>>> print(open('target.cif').read())   # mmCIF, C-alpha atoms and all ligand atoms
data_run
loop_
_atom_site.label_atom_id
_atom_site.label_comp_id
_atom_site.auth_asym_id
_atom_site.auth_seq_id
_atom_site.Cartn_x
_atom_site.Cartn_y
_atom_site.Cartn_z
CA MET E 126 -0.75 33.97 42.19
CA THR E 127 0.89 34.64 38.81
CA HIS E 128 -1.33 36.41 36.29
CA TYR E 129 -1.24 35.80 32.52
CA ASP E 130 -2.94 37.23 29.47
CA ALA E 131 -3.94 33.68 28.54
CA ILE E 132 -3.63 30.13 29.86
CA VAL E 133 -3.71 27.21 27.42
CA LEU E 134 -5.06 24.06 29.06
CA GLY E 135 -3.47 21.01 27.38
CA VAL E 136 -0.25 21.18 25.35
CA GLY E 137 -0.93 18.53 22.71
CA GLY E 138 -1.53 19.10 19.01
CA MET E 139 -3.95 22.02 19.29
CA GLY E 140 -2.67 23.51 22.55
CA SER E 141 0.94 23.72 21.37
CA ALA E 142 -0.20 25.65 18.29
CA ALA E 143 -2.47 27.95 20.31
CA LEU E 144 0.41 28.66 22.66
CA TYR E 145 2.65 29.61 19.74
CA HIS E 146 0.11 31.92 18.12
CA LEU E 147 -0.65 33.66 21.40
CA ALA E 148 3.05 34.13 22.15
CA ARG E 149 3.61 35.45 18.62
CA ARG E 150 1.14 38.22 19.43
CA HIS E 151 3.26 39.26 22.41
CA LEU E 152 0.80 37.98 24.99
CA ARG E 153 1.98 36.62 28.30
CA VAL E 154 0.92 33.00 28.05
CA LEU E 155 1.14 29.81 30.15
CA GLY E 156 0.61 26.29 28.76
CA ILE E 157 -0.24 23.53 31.24
CA GLU E 158 0.15 19.85 30.31
CA ARG E 159 -0.59 16.91 32.62
CA TYR E 160 1.83 14.49 30.89
CA ASN E 161 5.19 14.90 29.15
CA ILE E 162 5.66 17.09 26.09
CA PRO E 163 5.04 15.22 23.85
CA HIS E 164 3.49 12.00 25.19
CA GLU E 165 1.62 8.87 24.08
CA MET E 166 -1.53 9.09 26.24
CA GLY E 167 -3.64 11.39 24.06
CA SER E 168 -4.51 11.77 20.38
CA SER E 169 -1.37 13.06 18.65
CA HIS E 170 1.24 10.26 18.93
CA GLY E 171 2.23 7.49 16.53
CA LEU E 172 4.69 9.60 14.51
CA THR E 173 2.57 10.66 11.53
CA ARG E 174 -0.79 12.21 10.60
CA ILE E 175 -2.29 12.55 7.12
CA ILE E 176 -2.81 15.99 5.61
CA ARG E 177 -4.92 16.28 2.45
CA LEU E 178 -6.66 19.03 0.51
CA ALA E 179 -9.36 17.06 -1.35
CA TYR E 180 -11.47 17.05 1.79
CA TYR E 181 -14.41 14.66 1.50
CA GLU E 182 -15.76 15.59 4.94
CA HIS E 183 -16.96 19.03 3.73
CA PRO E 184 -15.72 21.50 1.11
CA SER E 185 -15.65 24.34 3.61
CA TYR E 186 -12.56 22.80 5.25
CA VAL E 187 -10.51 23.57 2.13
CA PRO E 188 -9.79 27.29 2.85
CA LEU E 189 -8.70 26.31 6.37
CA LEU E 190 -6.48 23.63 4.91
CA ARG E 191 -4.79 26.08 2.57
CA ARG E 192 -3.96 28.26 5.57
CA ALA E 193 -2.90 25.19 7.58
CA TYR E 194 -0.41 24.20 4.85
CA GLU E 195 0.94 27.76 4.76
CA LEU E 196 1.41 27.86 8.53
CA TRP E 197 3.07 24.41 8.63
CA ARG E 198 5.55 25.60 5.99
CA GLN E 199 6.23 28.76 8.00
CA LEU E 200 6.84 26.67 11.11
CA GLU E 201 9.24 24.41 9.19
CA ASN E 202 11.16 27.50 8.08
CA THR E 203 11.30 28.87 11.61
CA VAL E 204 12.59 25.66 13.19
CA GLN E 205 14.61 24.56 10.14
CA GLU E 206 13.15 21.06 10.34
CA ARG E 207 11.06 19.00 7.96
CA LEU E 208 7.57 18.47 9.41
CA LEU E 209 5.40 17.94 6.30
CA ILE E 210 6.14 15.30 3.69
CA ILE E 211 4.26 15.29 0.41
CA THR E 212 3.26 11.94 -1.08
CA GLY E 213 -0.01 12.77 -2.85
CA SER E 214 -3.28 11.44 -1.44
CA ILE E 215 -5.83 8.84 -2.51
CA ASP E 216 -9.49 9.11 -1.48
CA ALA E 217 -11.25 5.96 -2.63
CA SER E 218 -14.68 4.35 -2.34
CA PRO E 219 -17.47 3.13 -4.61
CA ALA E 220 -18.33 5.87 -7.13
CA ASP E 221 -21.48 6.79 -5.20
CA GLY E 222 -19.72 6.65 -1.81
CA GLU E 223 -19.07 9.61 0.47
CA VAL E 224 -15.28 9.46 0.24
CA PHE E 225 -15.03 9.58 -3.55
CA MET E 226 -17.96 11.95 -4.08
CA GLY E 227 -17.00 14.32 -1.26
CA SER E 228 -13.39 14.44 -2.27
CA LYS E 229 -14.27 15.07 -5.93
CA ALA E 230 -16.73 17.81 -4.89
CA SER E 231 -14.03 19.59 -2.85
CA CYS E 232 -11.65 19.40 -5.85
CA ASP E 233 -14.28 20.79 -8.22
CA ILE E 234 -15.53 23.57 -5.94
CA HIS E 235 -12.02 24.72 -5.01
CA HIS E 236 -10.33 24.02 -8.37
CA LEU E 237 -7.80 21.63 -6.89
CA PRO E 238 -5.52 19.74 -9.26
CA HIS E 239 -6.55 16.09 -9.20
CA ALA E 240 -7.03 12.94 -11.25
CA VAL E 241 -9.85 10.40 -11.07
CA LEU E 242 -8.49 6.85 -11.28
CA ASP E 243 -10.43 3.60 -11.60
CA HIS E 244 -9.12 0.58 -9.70
CA GLN E 245 -6.94 -0.63 -12.59
CA GLU E 246 -5.37 2.78 -13.20
CA LEU E 247 -4.68 3.21 -9.50
CA ASN E 248 -3.15 -0.26 -9.06
CA ALA E 249 -0.95 0.28 -12.13
CA ARG E 250 0.25 3.71 -11.05
CA PHE E 251 0.86 2.79 -7.39
CA PRO E 252 1.44 -0.99 -7.35
CA GLY E 253 1.30 -1.27 -3.55
CA TYR E 254 -2.48 -0.85 -3.98
CA ARG E 255 -4.60 -3.87 -4.99
CA LEU E 256 -8.09 -2.39 -5.09
CA PRO E 257 -11.04 -4.35 -6.48
CA GLN E 258 -13.37 -3.46 -9.31
CA GLY E 259 -15.97 -0.88 -8.29
CA ILE E 260 -13.60 1.29 -6.24
CA VAL E 261 -12.81 4.71 -7.69
CA ALA E 262 -10.21 7.15 -6.39
CA VAL E 263 -9.36 10.83 -6.40
CA TYR E 264 -5.61 11.35 -6.53
CA GLN E 265 -4.61 14.82 -5.26
CA PRO E 266 -0.90 15.67 -5.49
CA ASP E 267 -0.70 17.95 -2.41
CA GLY E 268 -1.60 15.24 0.12
CA GLY E 269 1.00 13.86 2.48
CA PHE E 270 1.71 13.57 6.17
CA LEU E 271 2.91 15.57 9.16
CA LEU E 272 5.38 14.36 11.76
CA SER E 273 2.90 14.95 14.56
CA GLU E 274 5.05 14.72 17.68
CA ARG E 275 7.76 16.86 16.02
CA CYS E 276 5.08 19.45 15.19
CA ILE E 277 4.15 19.69 18.88
CA VAL E 278 7.81 20.05 19.86
CA ALA E 279 8.34 22.72 17.20
CA HIS E 280 5.32 24.79 18.27
CA VAL E 281 6.31 24.57 21.94
CA MET E 282 9.95 25.46 21.38
CA VAL E 283 9.18 28.46 19.19
CA ALA E 284 6.52 29.62 21.67
CA GLN E 285 9.09 29.39 24.46
CA GLU E 286 11.56 31.43 22.44
CA LEU E 287 8.82 34.06 22.15
CA GLY E 288 8.37 34.08 25.94
CA ALA E 289 5.67 31.48 26.59
CA GLU E 290 5.84 29.58 29.87
CA VAL E 291 5.12 25.86 29.68
CA HIS E 292 4.55 23.43 32.54
CA GLY E 293 4.64 19.70 31.81
CA GLN E 294 3.65 17.04 34.36
CA GLU E 295 1.10 19.42 35.90
CA ARG E 296 -2.55 18.46 35.93
CA VAL E 297 -5.35 21.03 35.83
CA LEU E 298 -7.86 20.04 38.51
CA GLY E 299 -10.39 22.77 37.78
CA TRP E 300 -11.03 26.31 36.61
CA GLU E 301 -13.55 29.02 37.36
CA ALA E 302 -14.56 32.40 36.02
CA LYS E 303 -13.37 35.30 38.20
CA GLY E 304 -14.94 38.59 37.08
CA GLN E 305 -13.98 39.03 33.43
CA GLY E 306 -11.09 36.55 33.76
CA VAL E 307 -10.40 33.02 34.98
CA GLU E 308 -8.60 31.17 37.74
CA VAL E 309 -7.06 27.77 37.12
CA HIS E 310 -5.97 25.39 39.84
CA THR E 311 -3.64 22.46 39.32
CA ASP E 312 -1.90 19.79 41.39
CA ARG E 313 0.98 22.27 41.72
CA GLY E 314 -0.56 25.72 42.11
CA ARG E 315 -3.10 28.39 41.14
CA TYR E 316 -2.91 30.85 38.25
CA SER E 317 -5.14 33.64 36.96
CA ALA E 318 -5.57 34.93 33.43
CA GLU E 319 -7.68 37.18 31.25
CA LYS E 320 -8.47 34.28 28.92
CA LEU E 321 -8.54 30.48 29.07
CA VAL E 322 -8.03 28.37 25.93
CA ILE E 323 -9.16 24.77 26.49
CA CYS E 324 -7.43 22.25 24.20
CA ALA E 325 -7.77 19.16 26.37
CA GLY E 326 -8.41 16.59 23.63
CA ALA E 327 -10.14 13.45 24.95
CA TRP E 328 -10.41 15.06 28.41
CA GLY E 329 -12.40 18.06 27.14
CA ALA E 330 -15.71 16.98 28.70
CA LYS E 331 -14.03 16.47 32.07
CA LEU E 332 -13.10 20.17 32.06
CA VAL E 333 -16.18 21.56 30.32
CA PRO E 334 -19.28 19.59 31.40
CA GLU E 335 -21.29 21.12 28.52
CA LEU E 336 -19.22 18.90 26.17
CA ALA E 337 -20.37 15.63 27.82
CA THR E 338 -22.46 14.42 24.88
CA LEU E 339 -20.66 16.53 22.26
CA ALA E 340 -17.01 15.41 22.55
CA VAL E 341 -17.00 11.68 23.22
CA PRO E 342 -13.69 9.79 23.53
CA GLU E 343 -13.22 6.58 21.52
CA ARG E 344 -10.41 3.99 21.62
CA GLN E 345 -8.39 3.58 18.41
CA VAL E 346 -5.54 1.29 17.36
CA LEU E 347 -2.76 1.90 14.84
CA GLY E 348 -0.80 -0.96 13.24
CA TRP E 349 2.50 -1.19 11.40
CA PHE E 350 3.15 -4.26 9.20
CA GLN E 351 6.40 -5.15 7.48
CA PRO E 352 5.87 -5.17 3.70
CA THR E 353 7.12 -8.19 1.79
CA ARG E 354 7.90 -5.79 -1.09
CA PRO E 355 9.07 -2.64 0.73
CA ALA E 356 9.92 -0.72 -2.45
CA LEU E 357 6.17 -0.41 -3.18
CA PHE E 358 5.54 1.31 0.15
CA ARG E 359 8.31 3.90 0.19
CA VAL E 360 7.41 7.59 0.46
CA HIS E 361 7.99 8.32 -3.23
CA ALA E 362 6.01 5.30 -4.43
CA PHE E 363 3.00 5.32 -2.15
CA PRO E 364 0.45 8.12 -1.58
CA VAL E 365 -1.37 8.28 1.77
CA PHE E 366 -4.95 7.07 1.56
CA ASN E 367 -8.48 7.23 2.94
CA MET E 368 -10.67 4.44 1.75
CA ALA E 369 -14.23 3.23 2.34
CA VAL E 370 -14.64 -0.46 1.53
CA GLU E 371 -16.93 -3.29 2.70
CA GLU E 372 -14.99 -3.64 5.95
CA GLY E 373 -15.25 0.05 6.88
CA ARG E 374 -13.26 3.25 6.44
CA TYR E 375 -9.48 2.93 6.66
CA TYR E 376 -6.42 5.15 6.23
CA GLY E 377 -2.76 4.41 5.66
CA PHE E 378 0.76 5.69 5.12
CA PRO E 379 4.01 4.70 3.41
CA ILE E 380 6.91 3.39 5.53
CA TYR E 381 8.38 6.28 7.52
CA GLY E 382 10.23 6.78 10.77
CA ILE E 383 9.73 3.30 12.23
CA PRO E 384 9.52 -0.01 10.35
CA GLY E 385 6.29 -0.86 8.61
CA PHE E 386 3.37 0.19 6.45
CA LYS E 387 1.03 2.08 8.80
CA VAL E 388 -2.73 1.50 8.81
CA GLY E 389 -5.76 2.40 10.93
CA ARG E 390 -9.54 1.98 10.85
CA TYR E 391 -11.88 4.90 11.62
CA HIS E 392 -13.94 4.08 14.73
CA HIS E 393 -11.77 0.98 15.12
CA LEU E 394 -14.00 -1.34 17.22
CA GLU E 395 -16.47 1.44 18.12
CA GLN E 396 -15.45 1.53 21.79
CA ARG E 397 -16.49 4.66 23.68
CA VAL E 398 -14.14 5.06 26.62
CA ASP E 399 -13.12 7.10 29.62
CA PRO E 400 -9.59 8.30 28.72
CA ASP E 401 -8.45 7.73 32.32
CA ARG E 402 -9.57 4.09 32.25
CA MET E 403 -9.07 3.07 28.63
CA ASP E 404 -7.42 -0.27 27.82
CA ARG E 405 -4.14 0.94 26.33
CA GLU E 406 -2.90 -2.51 25.32
CA ALA E 407 -3.49 -3.67 21.74
CA HIS E 408 -4.94 -7.18 21.48
CA ARG E 409 -5.28 -9.91 18.85
CA GLU E 410 -8.72 -8.66 17.74
CA ASP E 411 -7.29 -5.15 17.20
CA GLU E 412 -4.45 -6.56 15.14
CA GLU E 413 -6.72 -8.86 13.09
CA THR E 414 -9.02 -5.96 12.15
CA LEU E 415 -6.07 -4.13 10.60
CA ARG E 416 -4.34 -7.21 9.19
CA HIS E 417 -7.45 -8.49 7.40
CA PHE E 418 -7.86 -5.17 5.59
CA THR E 419 -4.16 -4.96 4.75
CA ALA E 420 -4.01 -8.53 3.40
CA ARG E 421 -6.99 -7.89 1.14
CA TYR E 422 -6.17 -4.45 -0.28
CA PHE E 423 -2.38 -4.20 0.19
CA PRO E 424 -1.23 -7.84 0.08
CA ASP E 425 2.43 -6.94 -0.39
CA ALA E 426 2.34 -5.03 2.91
CA ALA E 427 0.88 -7.77 5.10
CA GLY E 428 4.09 -9.22 6.54
CA PRO E 429 4.90 -9.58 10.23
CA THR E 430 3.52 -7.10 12.72
CA MET E 431 6.05 -4.45 13.72
CA SER E 432 4.10 -2.24 16.13
CA LEU E 433 0.62 -1.63 17.53
CA LYS E 434 -0.38 1.49 19.45
CA THR E 435 -3.63 2.63 21.04
CA CYS E 436 -4.80 6.23 20.66
CA LEU E 437 -7.96 8.31 21.23
CA PHE E 438 -10.49 9.98 18.96
CA THR E 439 -12.90 12.54 20.45
CA ASN E 440 -16.07 12.51 18.39
CA THR E 441 -18.81 15.10 17.96
CA PRO E 442 -22.28 13.96 16.81
CA ASP E 443 -21.68 15.29 13.26
CA GLU E 444 -17.89 14.69 13.25
CA HIS E 445 -17.16 18.38 12.63
CA PHE E 446 -14.96 20.23 15.11
CA ILE E 447 -15.93 22.54 17.96
CA LEU E 448 -14.08 25.88 17.68
CA ASP E 449 -15.96 28.45 19.70
CA LEU E 450 -16.29 30.56 22.80
CA HIS E 451 -17.82 28.94 25.90
CA PRO E 452 -21.63 29.37 25.69
CA ASP E 453 -21.79 31.47 28.87
CA LEU E 454 -18.24 32.74 29.40
CA PRO E 455 -16.66 34.72 26.55
CA GLN E 456 -13.28 34.67 28.28
CA VAL E 457 -13.09 30.90 27.66
CA CYS E 458 -12.29 29.51 24.19
CA ILE E 459 -12.81 25.86 23.31
CA ALA E 460 -11.10 23.66 20.70
CA ALA E 461 -12.62 20.17 20.98
CA GLY E 462 -14.19 17.20 19.23
CA PHE E 463 -11.69 16.73 16.40
CA SER E 464 -13.36 13.43 15.51
CA GLY E 465 -10.27 11.66 14.21
CA HIS E 466 -9.34 14.20 11.54
CA GLY E 467 -7.99 17.21 13.40
CA PHE E 468 -4.24 17.03 13.44
CA LYS E 469 -3.62 18.49 9.98
CA PHE E 470 -5.50 21.61 11.15
CA CYS E 471 -3.49 22.22 14.35
CA SER E 472 -1.52 25.06 12.81
CA VAL E 473 -4.62 26.98 11.75
CA VAL E 474 -6.58 26.04 14.88
CA GLY E 475 -3.78 27.69 16.86
CA GLU E 476 -4.36 30.86 14.87
CA ILE E 477 -8.14 30.60 15.36
CA MET E 478 -7.81 30.14 19.12
CA ALA E 479 -5.48 33.14 19.35
CA ASP E 480 -8.03 35.18 17.34
CA LEU E 481 -10.88 34.08 19.63
CA ALA E 482 -8.88 34.79 22.78
CA GLN E 483 -7.78 38.19 21.55
CA THR E 484 -10.94 39.52 19.93
CA GLY E 485 -13.77 37.00 20.44
CA ARG E 486 -13.92 36.37 16.68
CA SER E 487 -11.74 34.91 13.97
CA ARG E 488 -10.62 35.90 10.49
CA HIS E 489 -11.67 32.35 9.46
CA ASP E 490 -15.25 31.25 8.81
CA LEU E 491 -16.24 29.17 11.84
CA GLU E 492 -19.93 28.59 11.06
CA LEU E 493 -19.48 24.82 10.69
CA PHE E 494 -17.78 24.62 14.10
CA ARG E 495 -20.15 26.57 16.38
CA LEU E 496 -21.47 24.94 19.55
CA ARG E 497 -24.97 26.26 18.91
CA ARG E 498 -25.41 23.95 15.90
CA PHE E 499 -26.15 21.10 18.29
CA GLN E 500 -29.03 23.02 19.91
CA GLU E 501 -30.39 23.98 16.50
CA ALA E 502 -30.20 20.33 15.41
CA SER E 503 -32.08 18.97 18.45
CA PRO E 504 -35.87 18.64 18.12
CA THR E 505 -38.02 21.41 19.64
CA HIS E 506 -41.05 20.56 21.77
C1 LIG E 601 -5.09 6.73 15.67
C2 LIG E 601 -5.34 8.14 15.22
C3 LIG E 601 -5.08 8.50 13.91
C4 LIG E 601 -5.34 9.79 13.45
N1 LIG E 601 -5.04 10.12 12.16
C5 LIG E 601 -5.17 11.41 11.77
C6 LIG E 601 -4.69 11.81 10.51
O1 LIG E 601 -4.14 11.00 9.75
N2 LIG E 601 -4.83 13.12 10.15
C7 LIG E 601 -5.41 14.03 10.97
O2 LIG E 601 -5.51 15.19 10.59
N3 LIG E 601 -5.86 13.68 12.19
C8 LIG E 601 -5.74 12.40 12.61
N4 LIG E 601 -6.15 12.03 13.86
C9 LIG E 601 -6.79 13.01 14.72
C10 LIG E 601 -5.80 13.93 15.36
O3 LIG E 601 -4.65 13.23 15.73
C11 LIG E 601 -6.46 14.62 16.55
O4 LIG E 601 -7.62 15.30 16.06
C12 LIG E 601 -5.54 15.61 17.21
O5 LIG E 601 -4.35 14.96 17.58
C13 LIG E 601 -6.24 16.18 18.43
O6 LIG E 601 -5.35 17.08 19.09
P1 LIG E 601 -5.72 17.63 20.53
O7 LIG E 601 -4.80 18.73 20.82
O8 LIG E 601 -7.21 17.88 20.60
O9 LIG E 601 -5.46 16.38 21.51
P2 LIG E 601 -4.10 15.97 22.25
O10 LIG E 601 -2.95 16.11 21.33
O11 LIG E 601 -4.35 14.66 22.92
O12 LIG E 601 -3.92 17.11 23.32
C14 LIG E 601 -4.76 17.28 24.45
C15 LIG E 601 -3.84 17.53 25.60
O13 LIG E 601 -4.53 18.00 26.75
C16 LIG E 601 -3.87 17.46 27.87
N5 LIG E 601 -4.78 17.52 29.04
C17 LIG E 601 -5.99 16.96 29.14
N6 LIG E 601 -6.51 17.18 30.36
C18 LIG E 601 -5.60 17.91 31.04
C19 LIG E 601 -5.57 18.44 32.36
N7 LIG E 601 -6.57 18.25 33.23
N8 LIG E 601 -4.47 19.14 32.74
C20 LIG E 601 -3.44 19.35 31.87
N9 LIG E 601 -3.42 18.84 30.61
C21 LIG E 601 -4.49 18.14 30.20
C22 LIG E 601 -3.58 16.04 27.43
O14 LIG E 601 -2.64 15.40 28.24
C23 LIG E 601 -3.11 16.26 26.02
O15 LIG E 601 -1.71 16.45 25.91
C24 LIG E 601 -5.89 10.73 14.34
C25 LIG E 601 -6.13 10.39 15.67
C26 LIG E 601 -5.85 9.11 16.12
C27 LIG E 601 -6.11 8.75 17.55
#
>>> encode(input="target.cif", output="structure tokens", more="lines below")
Ligand SMILES: Cc1cc2nc3c(=O)[nH]c(=O)nc-3n(C[C@H](O)[C@H](O)[C@H](O)COP(=O)(O)OP(=O)(O)OC[C@H]3O[C@@H](n4cnc5c(N)ncnc54)[C@H](O)[C@@H]3O)c2cc1C
Amino acid sequence: MTHYDAIVLGVGGMGSAALYHLARRHLRVLGIERYNIPHEMGSSHGLTRIIRLAYYEHPSYVPLLRRAYELWRQLENTVQERLLIITGSIDASPADGEVFMGSKASCDIHHLPHAVLDHQELNARFPGYRLPQGIVAVYQPDGGFLLSERCIVAHVMVAQELGAEVHGQERVLGWEAKGQGVEVHTDRGRYSAEKLVICAGAWGAKLVPELATLAVPERQVLGWFQPTRPALFRVHAFPVFNMAVEEGRYYGFPIYGIPGFKVGRYHHLEQRVDPDRMDREAHREDEETLRHFTARYFPDAAGPTMSLKTCLFTNTPDEHFILDLHPDLPQVCIAAGFSGHGFKFCSVVGEIMADLAQTGRSRHDLELFRLRRFQEASPTH
């Protein structure tokens, strides 16, 4: 049985970054991925993912985001490929809504450059937008998007150059603690390691039963519609957005990579799923949910449908991540529950996982992401 310093279980967004950061520290590391590298069965496909600094979810993400940006730029330099495209970002909602207020609070607390725009100012400045009265936006110039599948490829290829071993098309069937280390068995073999880093995305709870109620997979659908006025939706004319309106919370992108304005709805049709049995086809109801929103708020983008893709969120009860050691086994590190907003952090999560695997702690503040918060939150009897 081959022995490693660390095994990374799952080579998607987070696992590819963890692999790279472990290899960079001269550790002997193996990454195991059940599908291709990259693939379209998990949470990281569909070409692009938003990155934004004015983080409405919680201001304590902002220091992590600054480091994430820095690491993405370093990775771009290493691979000599563009992975991060800046468009600016819009976070919009009613003035007393979570998206506007949270985003503004993050800007104020962390002194981020930004502008507050009412609906008329926003529509005039970015004419692809047609927002109604009562919606207010934070514009933050550092927002943009990452080329998510290319990011995975970049992390894996640099990790390999640094000596990492990577096995695609190999499924982990189980793992167990062996003394201070771990043993992992797959449909192709058995491996041992000092440390195990679990980055299994929507499959996390299948590999760590403690996550059963804490990292819950949910079906999502992405849509691409052909704009009738494409010039309004080009990268230099159209900032990425997050928006809470009557219909729900939506996000969107300019045209990039494949034809169409890209749009999605958070918690799409609120379908909890088993990732091994999820309906991976997109249906008329999925399309209508996205088209209705697009026609109302971006009417010049609501032309024919170009593409529809299903994808998976993995939600925690409070929608903050889980970045921690296993509750009973300090040789096992867990990155899980990214709740539909994790990709932009992959670069820094890779660093955090390497820190946890190497020393049991991280240079970053992980208080918001501890597993024990769920016990503390549950009622005592
Ligand atoms: C539609 C959609 C839109 C999103 N938009 C954004 C956005 O704009 N910005 C943003 O920051 N985030 C966004 N997110 C969230 C973000 O994409 C995810 O948080 C992130 O991709 C999660 O990465 P991951 O590594 O946990 O999962 P994945 O990339 O899915 O990786 C997990 C990997 O583990 C592998 N695996 C699982 N079980 C096994 C096993 N037994 N053996 C071997 N391998 C295994 C899987 O095959 C997979 O490759 C979005 C997500 C979706 C679905």
>>> closest_residue(input="target.cif", among="E:Glu195, E:Glu295, E:Glu444, E:Glu319", to="Cys458 in chain E", atoms="all atoms listed in the file")
E:Glu319
>>> residues_around(input="target.cif", residues="Trp328 in chain E", least_positions_apart="4", cutoff="12 Å", atoms="all atoms listed in the file", output="VMD selection string")
chain E and resid 134 to 135 137 158 to 159 166 to 168 296 to 298 323 to 324 332 to 334 336 to 337 340 to 343 398 to 402 437 to 440 460 to 462
>>> closest_residue(input="target.cif", among="E:His183, E:His310, E:Arg177, E:His445", to="Ser464 in chain E", atoms="all atoms listed in the file")
E:His445
>>> axis_aligned_box(input="target.cif", around="ligand LIG 601 (chain E)", padding_each_side="5 Å", output="AutoDock Vina command-line options")
--center_x -4.7 --center_y 13.0 --center_z 21.5 --size_x 15.9 --size_y 22.6 --size_z 33.5
>>> residues_around(input="target.cif", residues="range 364-366 of chain E", least_positions_apart="4", cutoff="10 Å", atoms="all atoms listed in the file", output="ChimeraX atom specification")
/E:174-177,211-217,251,253-254,262-270,358-360,375-379,387-388
>>> closest_residue(input="target.cif", among="E:Leu481, E:Leu189, E:Leu321, E:Ile157", to="ligand LIG 601 (chain E)", atoms="only C-alpha atoms and all ligand atoms")
E:Ile157
>>> atom_distance(input="target.cif", atom1="CA of Ala143 in chain E", atom2="CA of Ala482 in chain E")
9.7 Å
>>> residues_around(input="target.cif", residues="Pro352 in chain E", least_positions_apart="2", cutoff="8 Å", atoms="only C-alpha atoms", output="VMD selection string")
chain E and resid 350 354 to 355 358 385 to 386 425 to 429
>>> write_last_selection(input="target.cif", atoms="C-alpha atoms", output="tab-separated table (two decimals), in the coordinates of the input")
chain	number	residue	atom	x	y	z
E	350	PHE	CA	3.15	-4.26	9.20
E	354	ARG	CA	7.90	-5.79	-1.09
E	355	PRO	CA	9.07	-2.64	0.73
E	358	PHE	CA	5.54	1.31	0.15
E	385	GLY	CA	6.29	-0.86	8.61
E	386	PHE	CA	3.37	0.19	6.45
E	425	ASP	CA	2.43	-6.94	-0.39
E	426	ALA	CA	2.34	-5.03	2.91
E	427	ALA	CA	0.88	-7.77	5.10
E	428	GLY	CA	4.09	-9.22	6.54
E	429	PRO	CA	4.90	-9.58	10.23
>>> closest_residue(input="target.cif", among="E:Leu448, E:Cys471, E:Ile210, E:Val204", to="ligand LIG 601 (chain E)", atoms="all atoms listed in the file")
E:Cys471
>>> atom_distance(input="target.cif", atom1="CA of Pro442 in chain E", atom2="CA of Ser218 in chain E")
22.7 Å
>>> atom_distance(input="target.cif", atom1="CA of Lys434 in chain E", atom2="CA of Gly467 in chain E")
18.5 Å
>>> closest_residue(input="target.cif", among="E:Gly373, E:Pro452, E:Pro163, E:Pro238", to="ligand LIG 601 (chain E)", atoms="only C-alpha atoms and all ligand atoms")
E:Pro163
>>> closest_residue(input="target.cif", among="E:Gly288, E:Gly138, E:Gly306, E:Pro252", to="Glu165 in chain E", atoms="only C-alpha atoms")
E:Gly138
>>> residues_near_point(input="target.cif", point="(-6.2, -9.5, 14.2)", cutoff="12 Å", atoms="all atoms listed in the file", output="number ranges by chain")
E: 346-348, 350, 393-394, 407-420, 427, 429-430, 433
>>> residues_around(input="target.cif", residues="His280 in chain E", least_positions_apart="4", cutoff="7 Å", atoms="only C-alpha atoms", output="compact mmCIF listing (two decimals) with C-alpha atoms, in the frame of the given file")
# COMPACT_ATOMS: atom_id res chain seq x y z
CA SER E 141 0.94 23.72 21.37
CA ALA E 142 -0.20 25.65 18.29
CA TYR E 145 2.65 29.61 19.74
CA CYS E 276 5.08 19.45 15.19
CA ALA E 284 6.52 29.62 21.67
>>> residues_around(input="target.cif", residues="Leu256 in chain E", least_positions_apart="5", cutoff="7 Å", atoms="only C-alpha atoms", output="PyMOL selection string")
chain E and resi 244+248+422
